[in-house]
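Shown here: protein.tsv, TSV, N, CA and C atoms.
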chain	number	residue	atom	x	y	z
A	13	MET	N	8.34	-42.69	-21.71
A	13	MET	CA	7.87	-43.64	-20.73
A	13	MET	C	7.62	-42.96	-19.38
A	14	ASP	N	8.50	-42.05	-18.99
A	14	ASP	CA	8.31	-41.34	-17.72
A	14	ASP	C	7.03	-40.52	-17.75
A	15	ALA	N	6.74	-39.88	-18.88
A	15	ALA	CA	5.53	-39.07	-19.00
A	15	ALA	C	4.30	-39.94	-18.85
A	16	GLU	N	4.31	-41.14	-19.44
A	16	GLU	CA	3.18	-42.05	-19.32
A	16	GLU	C	2.95	-42.46	-17.87
A	17	ARG	N	4.03	-42.78	-17.18
A	17	ARG	CA	3.91	-43.16	-15.77
A	17	ARG	C	3.42	-42.00	-14.92
A	18	ALA	N	3.94	-40.81	-15.21
A	18	ALA	CA	3.50	-39.63	-14.45
A	18	ALA	C	2.02	-39.36	-14.68
A	19	PHE	N	1.59	-39.46	-15.93
A	19	PHE	CA	0.17	-39.24	-16.21
A	19	PHE	C	-0.68	-40.30	-15.52
A	20	THR	N	-0.28	-41.54	-15.62
A	20	THR	CA	-1.04	-42.63	-14.99
A	20	THR	C	-1.13	-42.40	-13.48
A	21	ARG	N	-0.05	-41.97	-12.86
A	21	ARG	CA	-0.05	-41.69	-11.42
A	21	ARG	C	-1.04	-40.59	-11.08
A	22	GLU	N	-1.04	-39.51	-11.86
A	22	GLU	CA	-1.95	-38.39	-11.62
A	22	GLU	C	-3.40	-38.77	-11.88
A	23	ALA	N	-3.64	-39.52	-12.94
A	23	ALA	CA	-5.01	-39.97	-13.25
A	23	ALA	C	-5.53	-40.90	-12.15
A	24	ARG	N	-4.67	-41.76	-11.65
A	24	ARG	CA	-5.04	-42.67	-10.56
A	24	ARG	C	-5.36	-41.87	-9.29
A	25	ALA	N	-4.57	-40.84	-9.01
A	25	ALA	CA	-4.83	-39.99	-7.84
A	25	ALA	C	-6.18	-39.27	-7.99
A	26	ARG	N	-6.50	-38.88	-9.20
A	26	ARG	CA	-7.79	-38.23	-9.45
A	26	ARG	C	-8.93	-39.21	-9.16
A	27	ARG	N	-8.82	-40.42	-9.67
A	27	ARG	CA	-9.88	-41.42	-9.46
A	27	ARG	C	-10.00	-41.76	-7.97
A	28	LEU	N	-8.88	-41.89	-7.28
A	28	LEU	CA	-8.90	-42.19	-5.85
A	28	LEU	C	-9.59	-41.07	-5.08
A	29	ALA	N	-9.27	-39.83	-5.41
A	29	ALA	CA	-9.91	-38.68	-4.75
A	29	ALA	C	-11.41	-38.69	-4.98
A	30	SER	N	-11.82	-39.10	-6.17
A	30	SER	CA	-13.25	-39.18	-6.49
A	30	SER	C	-13.93	-40.25	-5.66
A	31	VAL	N	-13.29	-41.41	-5.50
A	31	VAL	CA	-13.85	-42.49	-4.69
A	31	VAL	C	-13.96	-42.06	-3.23
A	32	VAL	N	-12.93	-41.39	-2.74
A	32	VAL	CA	-12.94	-40.92	-1.35
A	32	VAL	C	-14.08	-39.93	-1.13
A	33	ARG	N	-14.30	-39.02	-2.10
A	33	ARG	CA	-15.41	-38.07	-1.98
A	33	ARG	C	-16.75	-38.80	-1.94
A	34	ARG	N	-16.90	-39.84	-2.78
A	34	ARG	CA	-18.15	-40.60	-2.79
A	34	ARG	C	-18.36	-41.33	-1.47
A	35	LEU	N	-17.29	-41.93	-0.93
A	35	LEU	CA	-17.40	-42.64	0.35
A	35	LEU	C	-17.75	-41.68	1.49
A	36	ARG	N	-17.25	-40.46	1.41
A	36	ARG	CA	-17.57	-39.45	2.42
A	36	ARG	C	-18.92	-38.78	2.16
A	37	ARG	N	-19.56	-39.19	1.08
A	37	ARG	CA	-20.85	-38.66	0.66
A	37	ARG	C	-20.81	-37.15	0.44
A	38	GLU	N	-19.69	-36.69	-0.08
A	38	GLU	CA	-19.56	-35.29	-0.44
A	38	GLU	C	-20.17	-35.08	-1.82
A	39	PRO	N	-20.73	-33.92	-2.07
A	39	PRO	CA	-21.29	-33.66	-3.40
A	39	PRO	C	-20.19	-33.70	-4.46
A	40	SER	N	-20.56	-34.12	-5.66
A	40	SER	CA	-19.56	-34.24	-6.73
A	40	SER	C	-18.93	-32.89	-7.08
A	41	GLU	N	-19.62	-31.80	-6.78
A	41	GLU	CA	-19.09	-30.46	-7.09
A	41	GLU	C	-17.82	-30.16	-6.28
A	42	CYS	N	-17.64	-30.84	-5.16
A	42	CYS	CA	-16.47	-30.59	-4.31
A	42	CYS	C	-15.16	-30.84	-5.04
A	43	GLY	N	-15.15	-31.78	-5.95
A	43	GLY	CA	-13.92	-32.13	-6.64
A	43	GLY	C	-13.74	-31.43	-7.97
A	44	ARG	N	-14.72	-30.65	-8.39
A	44	ARG	CA	-14.63	-30.00	-9.69
A	44	ARG	C	-13.77	-28.76	-9.62
A	45	LEU	N	-13.13	-28.47	-10.74
A	45	LEU	CA	-12.34	-27.26	-10.87
A	45	LEU	C	-13.28	-26.08	-10.94
A	46	ALA	N	-13.08	-25.10	-10.10
A	46	ALA	CA	-13.94	-23.92	-10.06
A	46	ALA	C	-13.83	-23.13	-11.35
A	47	VAL	N	-14.97	-22.61	-11.82
A	47	VAL	CA	-15.01	-21.77	-13.01
A	47	VAL	C	-15.42	-20.38	-12.58
A	48	TYR	N	-14.59	-19.40	-12.91
A	48	TYR	CA	-14.86	-18.01	-12.57
A	48	TYR	C	-15.26	-17.24	-13.82
A	49	ASP	N	-16.10	-16.25	-13.63
A	49	ASP	CA	-16.49	-15.37	-14.73
A	49	ASP	C	-15.32	-14.44	-15.00
A	50	GLU	N	-15.04	-14.22	-16.27
A	50	GLU	CA	-13.91	-13.37	-16.63
A	50	GLU	C	-14.06	-11.95	-16.10
A	51	GLY	N	-15.30	-11.48	-15.98
A	51	GLY	CA	-15.50	-10.13	-15.48
A	51	GLY	C	-14.93	-9.11	-16.42
A	52	ALA	N	-13.93	-8.43	-15.98
A	52	ALA	CA	-13.31	-7.40	-16.81
A	52	ALA	C	-12.47	-8.02	-17.91
A	53	ARG	N	-12.45	-7.41	-19.04
A	53	ARG	CA	-11.62	-7.85	-20.16
A	53	ARG	C	-10.19	-7.37	-19.95
A	54	ARG	N	-9.31	-7.84	-20.79
A	54	ARG	CA	-7.91	-7.46	-20.69
A	54	ARG	C	-7.75	-5.95	-20.80
A	55	SER	N	-6.97	-5.42	-19.93
A	55	SER	CA	-6.69	-3.98	-19.99
A	55	SER	C	-5.19	-3.77	-19.86
A	56	GLY	N	-4.57	-3.35	-20.92
A	56	GLY	CA	-3.14	-3.12	-20.91
A	56	GLY	C	-2.36	-4.42	-21.00
A	57	LEU	N	-1.07	-4.32	-20.79
A	57	LEU	CA	-0.20	-5.49	-20.86
A	57	LEU	C	-0.18	-6.21	-19.51
A	58	PRO	N	-0.21	-7.53	-19.54
A	58	PRO	CA	-0.16	-8.27	-18.29
A	58	PRO	C	1.25	-8.22	-17.68
A	59	ARG	N	1.30	-8.33	-16.36
A	59	ARG	CA	2.58	-8.42	-15.65
A	59	ARG	C	2.98	-9.89	-15.60
A	60	VAL	N	4.24	-10.17	-15.83
A	60	VAL	CA	4.72	-11.56	-15.75
A	60	VAL	C	5.58	-11.70	-14.51
A	61	ARG	N	5.22	-12.69	-13.67
A	61	ARG	CA	6.00	-12.98	-12.47
A	61	ARG	C	5.68	-14.39	-12.02
A	62	GLU	N	6.46	-14.88	-11.08
A	62	GLU	CA	6.21	-16.21	-10.51
A	62	GLU	C	5.09	-16.11	-9.49
A	63	ILE	N	4.17	-17.07	-9.55
A	63	ILE	CA	3.12	-17.14	-8.54
A	63	ILE	C	3.11	-18.54	-7.94
A	64	PRO	N	2.69	-18.66	-6.68
A	64	PRO	CA	2.61	-19.99	-6.06
A	64	PRO	C	1.52	-20.83	-6.72
A	65	LEU	N	1.81	-22.07	-7.01
A	65	LEU	CA	0.83	-22.96	-7.62
A	65	LEU	C	-0.39	-23.18	-6.73
A	66	ASP	N	-0.20	-23.15	-5.42
A	66	ASP	CA	-1.34	-23.39	-4.54
A	66	ASP	C	-2.30	-22.22	-4.48
A	67	GLU	N	-1.96	-21.07	-5.10
A	67	GLU	CA	-2.88	-19.95	-5.17
A	67	GLU	C	-3.75	-19.99	-6.42
A	68	ILE	N	-3.54	-20.99	-7.27
A	68	ILE	CA	-4.37	-21.16	-8.47
A	68	ILE	C	-5.57	-22.00	-8.07
A	69	ALA	N	-6.75	-21.38	-8.12
A	69	ALA	CA	-7.95	-22.02	-7.57
A	69	ALA	C	-8.98	-22.44	-8.60
A	70	GLY	N	-8.81	-22.05	-9.84
A	70	GLY	CA	-9.84	-22.39	-10.82
A	70	GLY	C	-9.47	-21.94	-12.22
A	71	THR	N	-10.50	-21.79	-13.04
A	71	THR	CA	-10.32	-21.44	-14.44
A	71	THR	C	-11.39	-20.45	-14.88
A	72	VAL	N	-11.15	-19.78	-15.98
A	72	VAL	CA	-12.19	-18.96	-16.59
A	72	VAL	C	-12.73	-19.65	-17.84
A	73	GLU	N	-12.22	-20.84	-18.14
A	73	GLU	CA	-12.63	-21.61	-19.31
A	73	GLU	C	-13.47	-22.82	-18.88
A	74	PRO	N	-14.80	-22.76	-19.03
A	74	PRO	CA	-15.64	-23.89	-18.60
A	74	PRO	C	-15.27	-25.21	-19.28
A	75	SER	N	-14.83	-25.16	-20.52
A	75	SER	CA	-14.47	-26.41	-21.21
A	75	SER	C	-13.25	-27.07	-20.56
A	76	ARG	N	-12.34	-26.30	-20.02
A	76	ARG	CA	-11.16	-26.86	-19.36
A	76	ARG	C	-11.49	-27.42	-17.99
A	77	ALA	N	-12.53	-26.91	-17.38
A	77	ALA	CA	-12.92	-27.41	-16.05
A	77	ALA	C	-13.29	-28.88	-16.12
A	78	LYS	N	-13.70	-29.35	-17.29
A	78	LYS	CA	-14.07	-30.76	-17.44
A	78	LYS	C	-12.86	-31.66	-17.59
A	79	LEU	N	-11.69	-31.09	-17.90
A	79	LEU	CA	-10.48	-31.88	-18.11
A	79	LEU	C	-9.66	-32.09	-16.84
A	80	PHE	N	-9.90	-31.27	-15.81
A	80	PHE	CA	-9.10	-31.32	-14.59
A	80	PHE	C	-10.00	-31.26	-13.37
A	81	ASP	N	-9.54	-31.88	-12.27
A	81	ASP	CA	-10.29	-31.74	-11.03
A	81	ASP	C	-9.78	-30.53	-10.27
A	82	SER	N	-10.25	-30.34	-9.06
A	82	SER	CA	-9.91	-29.14	-8.29
A	82	SER	C	-8.42	-29.06	-7.94
A	83	ALA	N	-7.71	-30.18	-8.01
A	83	ALA	CA	-6.26	-30.19	-7.76
A	83	ALA	C	-5.48	-30.24	-9.07
A	84	PHE	N	-6.15	-29.95	-10.17
A	84	PHE	CA	-5.56	-29.95	-11.51
A	84	PHE	C	-5.01	-31.33	-11.91
A	85	ARG	N	-5.62	-32.39	-11.40
A	85	ARG	CA	-5.27	-33.73	-11.86
A	85	ARG	C	-6.05	-33.97	-13.14
A	86	PRO	N	-5.41	-34.53	-14.17
A	86	PRO	CA	-6.04	-34.63	-15.49
A	86	PRO	C	-6.99	-35.81	-15.65
A	87	ARG	N	-7.94	-35.63	-16.56
A	87	ARG	CA	-8.79	-36.73	-17.02
A	87	ARG	C	-8.06	-37.44	-18.14
A	88	THR	N	-8.52	-38.60	-18.50
A	88	THR	CA	-7.90	-39.39	-19.56
A	88	THR	C	-7.88	-38.64	-20.88
A	89	ARG	N	-8.91	-37.84	-21.16
A	89	ARG	CA	-8.98	-37.09	-22.42
A	89	ARG	C	-7.81	-36.11	-22.57
A	90	ALA	N	-7.17	-35.73	-21.49
A	90	ALA	CA	-6.07	-34.76	-21.54
A	90	ALA	C	-4.71	-35.43	-21.73
A	91	ARG	N	-4.69	-36.73	-21.84
A	91	ARG	CA	-3.44	-37.50	-21.81
A	91	ARG	C	-2.39	-37.05	-22.82
A	92	SER	N	-2.71	-37.01	-24.10
A	92	SER	CA	-1.67	-36.76	-25.11
A	92	SER	C	-1.02	-35.39	-24.92
A	93	ARG	N	-1.82	-34.36	-24.73
A	93	ARG	CA	-1.24	-33.03	-24.53
A	93	ARG	C	-0.48	-32.96	-23.21
A	94	TRP	N	-1.03	-33.56	-22.16
A	94	TRP	CA	-0.39	-33.55	-20.85
A	94	TRP	C	0.99	-34.19	-20.95
A	95	GLU	N	1.09	-35.33	-21.62
A	95	GLU	CA	2.37	-36.01	-21.76
A	95	GLU	C	3.36	-35.18	-22.59
A	96	ARG	N	2.89	-34.49	-23.62
A	96	ARG	CA	3.78	-33.63	-24.42
A	96	ARG	C	4.34	-32.48	-23.57
A	97	VAL	N	3.49	-31.89	-22.75
A	97	VAL	CA	3.95	-30.80	-21.87
A	97	VAL	C	4.93	-31.35	-20.84
A	98	TRP	N	4.63	-32.52	-20.28
A	98	TRP	CA	5.52	-33.13	-19.30
A	98	TRP	C	6.90	-33.38	-19.91
A	99	LEU	N	6.92	-33.96	-21.12
A	99	LEU	CA	8.20	-34.24	-21.79
A	99	LEU	C	8.96	-32.95	-22.09
A	100	ALA	N	8.26	-31.92	-22.54
A	100	ALA	CA	8.93	-30.64	-22.82
A	100	ALA	C	9.56	-30.09	-21.55
A	101	GLU	N	8.84	-30.13	-20.44
A	101	GLU	CA	9.38	-29.63	-19.19
A	101	GLU	C	10.54	-30.50	-18.72
A	102	HIS	N	10.42	-31.81	-18.88
A	102	HIS	CA	11.47	-32.74	-18.48
A	102	HIS	C	12.77	-32.49	-19.26
A	103	ARG	N	12.62	-32.14	-20.53
A	103	ARG	CA	13.79	-31.87	-21.37
A	103	ARG	C	14.38	-30.49	-21.15
A	104	GLY	N	13.71	-29.68	-20.34
A	104	GLY	CA	14.22	-28.34	-20.07
A	104	GLY	C	13.79	-27.30	-21.08
A	105	THR	N	12.80	-27.62	-21.89
A	105	THR	CA	12.30	-26.65	-22.86
A	105	THR	C	11.66	-25.49	-22.12
A	106	SER	N	11.95	-24.30	-22.57
A	106	SER	CA	11.36	-23.11	-21.97
A	106	SER	C	9.92	-22.97	-22.43
A	107	LEU	N	8.99	-23.09	-21.50
A	107	LEU	CA	7.57	-22.98	-21.81
A	107	LEU	C	7.10	-21.55	-21.54
A	108	PRO	N	6.15	-21.07	-22.33
A	108	PRO	CA	5.66	-19.70	-22.09
A	108	PRO	C	4.93	-19.62	-20.75
A	109	PRO	N	4.85	-18.43	-20.18
A	109	PRO	CA	4.12	-18.29	-18.91
A	109	PRO	C	2.64	-18.58	-19.13
A	110	ILE	N	2.00	-19.08	-18.08
A	110	ILE	CA	0.56	-19.27	-18.15
A	110	ILE	C	-0.11	-17.90	-18.07
A	111	SER	N	-1.36	-17.85	-18.39
A	111	SER	CA	-2.13	-16.61	-18.30
A	111	SER	C	-3.18	-16.78	-17.22
A	112	VAL	N	-3.18	-15.87	-16.24
A	112	VAL	CA	-4.13	-15.96	-15.13
A	112	VAL	C	-4.83	-14.63	-14.90
A	113	VAL	N	-5.96	-14.71	-14.21
A	113	VAL	CA	-6.73	-13.55	-13.80
A	113	VAL	C	-6.83	-13.60	-12.29
A	114	ARG	N	-6.64	-12.47	-11.64
A	114	ARG	CA	-6.75	-12.40	-10.18
A	114	ARG	C	-8.22	-12.49	-9.79
A	115	VAL	N	-8.54	-13.39	-8.86
A	115	VAL	CA	-9.90	-13.56	-8.35
A	115	VAL	C	-9.81	-13.56	-6.83
A	116	GLY	N	-10.07	-12.43	-6.22
A	116	GLY	CA	-9.93	-12.32	-4.77
A	116	GLY	C	-8.48	-12.55	-4.37
A	117	ASP	N	-8.26	-13.53	-3.49
A	117	ASP	CA	-6.90	-13.86	-3.03
A	117	ASP	C	-6.26	-14.96	-3.86
A	118	ALA	N	-6.92	-15.38	-4.92
A	118	ALA	CA	-6.43	-16.50	-5.73
A	118	ALA	C	-6.34	-16.09	-7.19
A	119	TYR	N	-6.01	-17.06	-8.03
A	119	TYR	CA	-5.92	-16.85	-9.47
A	119	TYR	C	-6.78	-17.87	-10.19
A	120	ALA	N	-7.31	-17.46	-11.34
A	120	ALA	CA	-8.04	-18.36	-12.23
A	120	ALA	C	-7.25	-18.43	-13.54
A	121	VAL	N	-7.07	-19.62	-14.07
A	121	VAL	CA	-6.27	-19.82	-15.27
A	121	VAL	C	-7.09	-19.47	-16.51
A	122	ARG	N	-6.51	-18.66	-17.37
A	122	ARG	CA	-7.10	-18.36	-18.66
A	122	ARG	C	-6.47	-19.27	-19.71
A	123	ASP	N	-5.16	-19.44	-19.65
A	123	ASP	CA	-4.43	-20.29	-20.59
A	123	ASP	C	-3.27	-20.94	-19.85
A	124	GLY	N	-3.10	-22.26	-20.03
A	124	GLY	CA	-1.99	-22.96	-19.41
A	124	GLY	C	-2.40	-24.03	-18.43
A	125	HIS	N	-3.60	-24.56	-18.57
A	125	HIS	CA	-4.11	-25.57	-17.65
A	125	HIS	C	-3.21	-26.81	-17.59
A	126	HIS	N	-2.75	-27.28	-18.74
A	126	HIS	CA	-1.88	-28.46	-18.77
A	126	HIS	C	-0.54	-28.15	-18.10
A	127	ARG	N	-0.02	-26.95	-18.31
A	127	ARG	CA	1.25	-26.56	-17.68
A	127	ARG	C	1.12	-26.52	-16.16
A	128	VAL	N	-0.03	-26.05	-15.67
A	128	VAL	CA	-0.27	-26.04	-14.22
A	128	VAL	C	-0.34	-27.47	-13.70
A	129	SER	N	-1.06	-28.33	-14.39
A	129	SER	CA	-1.20	-29.72	-13.97
A	129	SER	C	0.15	-30.43	-13.92
A	130	VAL	N	0.94	-30.24	-14.97
A	130	VAL	CA	2.26	-30.88	-15.03
A	130	VAL	C	3.18	-30.32	-13.94
A	131	ALA	N	3.16	-29.02	-13.75
A	131	ALA	CA	4.01	-28.41	-12.72
A	131	ALA	C	3.67	-28.97	-11.35
A	132	ARG	N	2.38	-29.10	-11.06
A	132	ARG	CA	1.98	-29.67	-9.77
A	132	ARG	C	2.43	-31.13	-9.65
A	133	ALA	N	2.27	-31.89	-10.74
A	133	ALA	CA	2.67	-33.30	-10.72
A	133	ALA	C	4.17	-33.46	-10.52
A	134	ARG	N	4.94	-32.52	-11.03
A	134	ARG	CA	6.40	-32.58	-10.90
A	134	ARG	C	6.88	-32.00	-9.57
A	135	GLY	N	5.98	-31.50	-8.76
A	135	GLY	CA	6.35	-31.00	-7.43
A	135	GLY	C	6.81	-29.56	-7.39
A	136	ALA	N	6.55	-28.80	-8.44
A	136	ALA	CA	6.94	-27.39	-8.45
A	136	ALA	C	6.10	-26.62	-7.43
A	137	LEU	N	6.66	-25.56	-6.92
A	137	LEU	CA	5.93	-24.70	-5.95
A	137	LEU	C	5.42	-23.43	-6.61
A	138	THR	N	6.11	-23.00	-7.68
A	138	THR	CA	5.72	-21.76	-8.35
A	138	THR	C	5.69	-21.99	-9.87
A	139	ILE	N	5.09	-21.05	-10.58
A	139	ILE	CA	5.03	-21.09	-12.03
A	139	ILE	C	5.02	-19.66	-12.55
A	140	ASP	N	5.66	-19.44	-13.70
A	140	ASP	CA	5.64	-18.12	-14.31
A	140	ASP	C	4.25	-17.86	-14.88
A	141	ALA	N	3.72	-16.65	-14.59
A	141	ALA	CA	2.38	-16.33	-15.04
A	141	ALA	C	2.28	-14.89	-15.48
A	142	ALA	N	1.51	-14.69	-16.55
A	142	ALA	CA	1.15	-13.35	-17.00
A	142	ALA	C	-0.16	-13.04	-16.28
A	143	ILE	N	-0.13	-12.06	-15.40
A	143	ILE	CA	-1.31	-11.73	-14.57
A	143	ILE	C	-2.06	-10.61	-15.26
A	144	GLU	N	-3.29	-10.91	-15.64
A	144	GLU	CA	-4.14	-9.94	-16.32
A	144	GLU	C	-5.12	-9.32	-15.33
A	145	ALA	N	-5.53	-8.13	-15.63
A	145	ALA	CA	-6.52	-7.47	-14.78
A	145	ALA	C	-7.81	-8.25	-14.86
A	146	GLY	N	-8.44	-8.46	-13.75
A	146	GLY	CA	-9.66	-9.26	-13.74
A	146	GLY	C	-10.72	-8.74	-12.85
As structure tokens, the full file:
Amino acid sequence: MDAERAFTREARARRLASVVRRLRREPSECGRLAVYDEGARRSGLPRVREIPLDEIAGTVEPSRAKLFDSAFRPRTRARSRWERVWLAEHRGTSLPPISVVRVGDAYAVRDGHHRVSVARARGALTIDAAIEAG
């Protein structure tokens, strides 16, 4: 039940942000999750460390960009997986680190979009990430 309420709260915040952008007459691209080109392929083993969630600025997966807005708030299509990740985190299950690529001063998510979204919704400041050369 808590996961459902959390998802509903995040989905509502996404819709509200969209309405605010329309009222401000901002282009719809302003709210979209940025998609970065992977550039370099994986080279060697990634380093795993905690990174600040606010330094995650986009994705390298165009299909995932459609599931989340620029603040990683989920669309309705992401509901079932999002709620499963939320429940796992709520129960204290150890989740694997997300996979990110360094893009300038920020990071782009390769794997772990739902984990980023849930972590932000739960108020986390950092997340474990495997940082790949990019």
Within 6 Å of stretch 118-135 of chain A, which residues of stretch 71-94 of chain A come that close, and what is the closest atom pair and distance in Å for each? Count all atoms listed in the file and give it as CSV.
residue,atom,partner,partner_atom,distance
A:Thr71,CA,A:Val121,N,3.7
A:Val72,N,A:Val121,C,4.1
A:Glu73,N,A:Val121,C,5.6
A:Phe84,C,A:Ser129,CA,4.6
A:Arg85,N,A:Ser129,CA,5.8
A:Trp94,CA,A:His126,CA,5.7
- Query: Leaving out A:Glu144 and any residue of its chain fewer than 5 positions from it, which residues lie within 5 Å of it when counting all atoms listed in the file, given as a PyMOL selection string?
  - Reply: chain A and resi 58+112-113
For A:Asp140, which residue out of A:Asp117, A:Glu38, A:Glu62, A:Asp14 is the nearest one, using only N, CA and C atoms?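 Of A:Asp117, A:Glu38, A:Glu62, A:Asp14, the one nearest A:Asp140, counting only N, CA and C atoms, is A:Glu62.
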Strand (DSSP E or B) call set, DSSP backbone run, chain A, as a PyMOL selection string = chain A and resi 44+46-47+59-64+68-71+80-81+86+110-115+118-123+138-144
inquiry  = What does the structure give for the distance between atom CA of A:Ala83 and atom C of A:Arg61, in Å to one decimal?
reply    =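 Computing the Euclidean distance for atom CA of A:Ala83 and atom C of A:Arg61 yields 20.3 Å.
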Pairwise distance, atom C of A:Glu67 with atom CA of A:Pro109, equals 14.9 Å
With N, CA and C atoms as the atom set, please write stretch 66-84 of chain A from the structure just given, as an mmCIF file, in the first residue's frame.
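Wrote result_37.cif, looks like this:
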data_model
loop_
_atom_site.group_PDB
_atom_site.id
_atom_site.type_symbol
_atom_site.label_atom_id
_atom_site.label_comp_id
_atom_site.auth_asym_id
_atom_site.auth_seq_id
_atom_site.Cartn_x
_atom_site.Cartn_y
_atom_site.Cartn_z
ATOM 1 N N ASP A 66 21.574 14.171 -7.279
ATOM 2 C CA ASP A 66 21.334 15.379 -8.073
ATOM 3 C C ASP A 66 22.357 15.569 -9.184
ATOM 4 N N GLU A 67 23.404 14.728 -9.247
ATOM 5 C CA GLU A 67 24.359 14.786 -10.342
ATOM 6 C C GLU A 67 23.971 13.869 -11.496
ATOM 7 N N ILE A 68 22.872 13.130 -11.339
ATOM 8 C CA ILE A 68 22.380 12.273 -12.416
ATOM 9 C C ILE A 68 21.457 13.118 -13.286
ATOM 10 N N ALA A 69 21.891 13.342 -14.531
ATOM 11 C CA ALA A 69 21.197 14.301 -15.389
ATOM 12 C C ALA A 69 20.458 13.694 -16.570
ATOM 13 N N GLY A 70 20.636 12.417 -16.816
ATOM 14 C CA GLY A 70 19.981 11.843 -17.997
ATOM 15 C C GLY A 70 20.226 10.354 -18.110
ATOM 16 N N THR A 71 20.077 9.860 -19.331
ATOM 17 C CA THR A 71 20.186 8.441 -19.611
ATOM 18 C C THR A 71 20.921 8.217 -20.920
ATOM 19 N N VAL A 72 21.409 7.019 -21.121
ATOM 20 C CA VAL A 72 21.957 6.634 -22.419
ATOM 21 C C VAL A 72 20.986 5.712 -23.142
ATOM 22 N N GLU A 73 19.841 5.431 -22.520
ATOM 23 C CA GLU A 73 18.818 4.547 -23.084
ATOM 24 C C GLU A 73 17.606 5.363 -23.534
ATOM 25 N N PRO A 74 17.453 5.618 -24.840
ATOM 26 C CA PRO A 74 16.311 6.414 -25.306
ATOM 27 C C PRO A 74 14.954 5.838 -24.897
ATOM 28 N N SER A 75 14.838 4.528 -24.820
ATOM 29 C CA SER A 75 13.550 3.933 -24.436
ATOM 30 C C SER A 75 13.190 4.268 -22.984
ATOM 31 N N ARG A 76 14.166 4.408 -22.129
ATOM 32 C CA ARG A 76 13.907 4.755 -20.724
ATOM 33 C C ARG A 76 13.562 6.227 -20.561
ATOM 34 N N ALA A 77 14.020 7.050 -21.475
ATOM 35 C CA ALA A 77 13.719 8.481 -21.390
ATOM 36 C C ALA A 77 12.227 8.727 -21.482
ATOM 37 N N LYS A 78 11.503 7.802 -22.099
ATOM 38 C CA LYS A 78 10.052 7.959 -22.229
ATOM 39 C C LYS A 78 9.316 7.571 -20.953
ATOM 40 N N LEU A 79 9.982 6.851 -20.048
ATOM 41 C CA LEU A 79 9.342 6.401 -18.810
ATOM 42 C C LEU A 79 9.483 7.380 -17.650
ATOM 43 N N PHE A 80 10.431 8.316 -17.754
ATOM 44 C CA PHE A 80 10.717 9.241 -16.650
ATOM 45 C C PHE A 80 10.873 10.653 -17.181
ATOM 46 N N ASP A 81 10.530 11.640 -16.328
ATOM 47 C CA ASP A 81 10.779 13.017 -16.728
ATOM 48 C C ASP A 81 12.169 13.426 -16.268
ATOM 49 N N SER A 82 12.508 14.685 -16.420
ATOM 50 C CA SER A 82 13.861 15.144 -16.109
ATOM 51 C C SER A 82 14.210 15.027 -14.625
ATOM 52 N N ALA A 83 13.211 14.897 -13.759
ATOM 53 C CA ALA A 83 13.449 14.704 -12.329
ATOM 54 C C ALA A 83 13.273 13.239 -11.932
ATOM 55 N N PHE A 84 13.261 12.357 -12.919
ATOM 56 C CA PHE A 84 13.099 10.917 -12.731
ATOM 57 C C PHE A 84 11.768 10.555 -12.064
#
